Amino acid sequence: MQLLFEQLLNGLQLSLTLFLLAAGLTLVFGIMGVINLAHGSLYMLGAYAGALAASKIGGFWLAVPAALIAAGLIGVAMELLVIRSLYARDHLSQVLATFGLILFFNGVIAWGVGRAPLQMDMPALLSGFLEIAPGLPYPTYRLAVMGVGVVVALGLWYVIARTRLGMLIRAGSDKREMVSALGVDIASLFTLVFGLGALLAGLAGVMVGPIRSVQIGMGEQVLITTFVVIVVGGIGSIRGAFVGALLIGMCDTLGRAFAPMVLKLWLSGPLADGLGAALASIMIYLVMALVLIVRPRGLFPAGG
């Protein structure tokens, strides 16, 4: 029971990290119609900016604003210089251009920082364990990551559902010509949305920095899972991104933890370990397929 509870918490932490990535990506994909493969690069750049700020300037608490500023500014520059010219192009052009951005950012990091992974120290305040139940200590930092994810989720819900900016974002996703005709600067709105998505990706990157090593290619590793999240949740929906992240994060974590254990009830140890690992790696795609069979537009599609 203790192992199950611990893995549920690990799944929740992964889910909320995925949400930080999926929220920005689903806004860009759903509202602007752009397939941005370089979204994972913004996650990587946020992690690198945070790690470098922590080591050169000093401390985790300076790393967080450094990562947010770096990812946000790079995201705005990307939108102005590259993405804006892709709005009227087909998805193949968007995929090729943003894939080129992945190679560009990986090359810049390799040239400027090197290929060796960076380590980012946890803040002393959050480096211990908190006993959340009798006999169940859990890393304080992972709990803090969950807290940040919940706060961001509530903040995004409020902005999208309760503010004028959110109204414009929702309207722009469905009726951009009408919104533009009413005097709204759609180009500036799209830049703001893209910058917000980049900022959230940078936040996710700096938050996982102390948990995982910061390295080239870390963005591509999580990008596919993030796309699965937004497809399951519904493209363009913040609520869908949150629910999809919870579903996929829990499925991935529990599958990796318990699939080999369950298979060992019927199979030998090595065979169960190998088959369990393979099953766990494809489980999220099976979940996506099942969801799309029942709900072809995802669980909570924007405007649905």
# chains A, B, ... in the order shown; residues from 1 in each chain; ligands from 1
>>> closest_atom_pairs(of="segment 173-256 of chain A", to="segment 287-303 of chain A", cutoff="8 Å", atoms="only C-alpha atoms", output="Markdown table")
| residue | atom | partner | partner_atom | distance |
| --- | --- | --- | --- | --- |
| A:Asp174 | CA | A:Gly303 | CA | 7.8 |
| A:Val228 | CA | A:Met288 | CA | 6.8 |
| A:Val231 | CA | A:Gly298 | CA | 5.9 |
| A:Val232 | CA | A:Gly298 | CA | 4.8 |
| A:Gly233 | CA | A:Leu299 | CA | 4.9 |
| A:Gly234 | CA | A:Pro301 | CA | 4.0 |
| A:Ile235 | CA | A:Pro301 | CA | 5.7 |
| A:Gly236 | CA | A:Ala302 | CA | 5.1 |
| A:Ser237 | CA | A:Ala302 | CA | 4.8 |
| A:Arg239 | CA | A:Phe300 | CA | 6.9 |
| A:Gly240 | CA | A:Phe300 | CA | 4.8 |
| A:Gly244 | CA | A:Leu299 | CA | 7.9 |
| A:Ile248 | CA | A:Val287 | CA | 7.8 |
>>> residues_around(residues="segment 140-146 of chain A", least_positions_apart="5", cutoff="6 Å", atoms="only C-alpha atoms", output="list in words")
Gln13, Leu126, Gly128, Phe129 and Leu130 of chain A
>>> select_by_dssp(residues="segment 161-264 of chain A", states="alpha helix (DSSP H)", output="VMD selection string")
chain A and resid 161 to 162 164 to 174 176 to 181 186 to 208 218 to 233 238 to 263
>>> closest_residue(among="A:Leu80, A:Met122, A:Ile31, A:Val243", to="Val206 of chain A", atoms="only C-alpha atoms")
A:Met122
>>> closest_atom_pairs(of="segment 114-216 of chain A", to="segment 83-106 of chain A", cutoff="9 Å", atoms="only C-alpha atoms", output="Markdown table")
| residue | atom | partner | partner_atom | distance |
| --- | --- | --- | --- | --- |
| A:Ala187 | CA | A:Arg84 | CA | 8.2 |
| A:Phe190 | CA | A:Arg84 | CA | 8.7 |
| A:Thr191 | CA | A:Arg84 | CA | 8.5 |
| A:Ile216 | CA | A:Asn106 | CA | 6.1 |
>>> write_last_selection(atoms="N, CA and C atoms", output="PDB file, in the first residue's frame")
ATOM      1  N   ALA A 187      -2.583  39.829 -34.358  1.00  0.00           N
ATOM      2  CA  ALA A 187      -1.157  39.508 -34.401  1.00  0.00           C
ATOM      3  C   ALA A 187      -0.523  39.639 -33.008  1.00  0.00           C
ATOM      4  N   PHE A 190      -1.771  36.803 -30.737  1.00  0.00           N
ATOM      5  CA  PHE A 190      -1.075  35.545 -31.003  1.00  0.00           C
ATOM      6  C   PHE A 190       0.329  35.562 -30.410  1.00  0.00           C
ATOM      7  N   THR A 191       0.999  36.711 -30.500  1.00  0.00           N
ATOM      8  CA  THR A 191       2.333  36.813 -29.901  1.00  0.00           C
ATOM      9  C   THR A 191       2.261  36.624 -28.395  1.00  0.00           C
ATOM     10  N   ILE A 216      21.015  18.275 -23.557  1.00  0.00           N
ATOM     11  CA  ILE A 216      20.524  18.475 -24.917  1.00  0.00           C
ATOM     12  C   ILE A 216      19.581  17.335 -25.285  1.00  0.00           C
TER      13      ILE A 216
END
>>> select_by_dssp(residues="segment 3-195 of chain A", states="strand (DSSP E)", output="VMD selection string")
chain A and resid 129 to 133 136 to 139
>>> closest_residue(among="A:Gly183, A:Gly114, A:Gly50, A:Pro210", to="Ser127 of chain A", atoms="only C-alpha atoms")
A:Pro210
>>> closest_residue(among="A:Met250, A:Met261, A:Ala47, A:Ile69", to="Gln7 of chain A", atoms="only C-alpha atoms")
A:Met250
>>> closest_residue(among="A:Leu68, A:Leu16, A:Cys251, A:Ile57", to="Leu200 of chain A", atoms="only C-alpha atoms")
A:Leu68
>>> closest_residue(among="A:Leu286, A:Ala204, A:Ala23, A:Val113", to="Trp157 of chain A", atoms="only C-alpha atoms")
A:Ala23
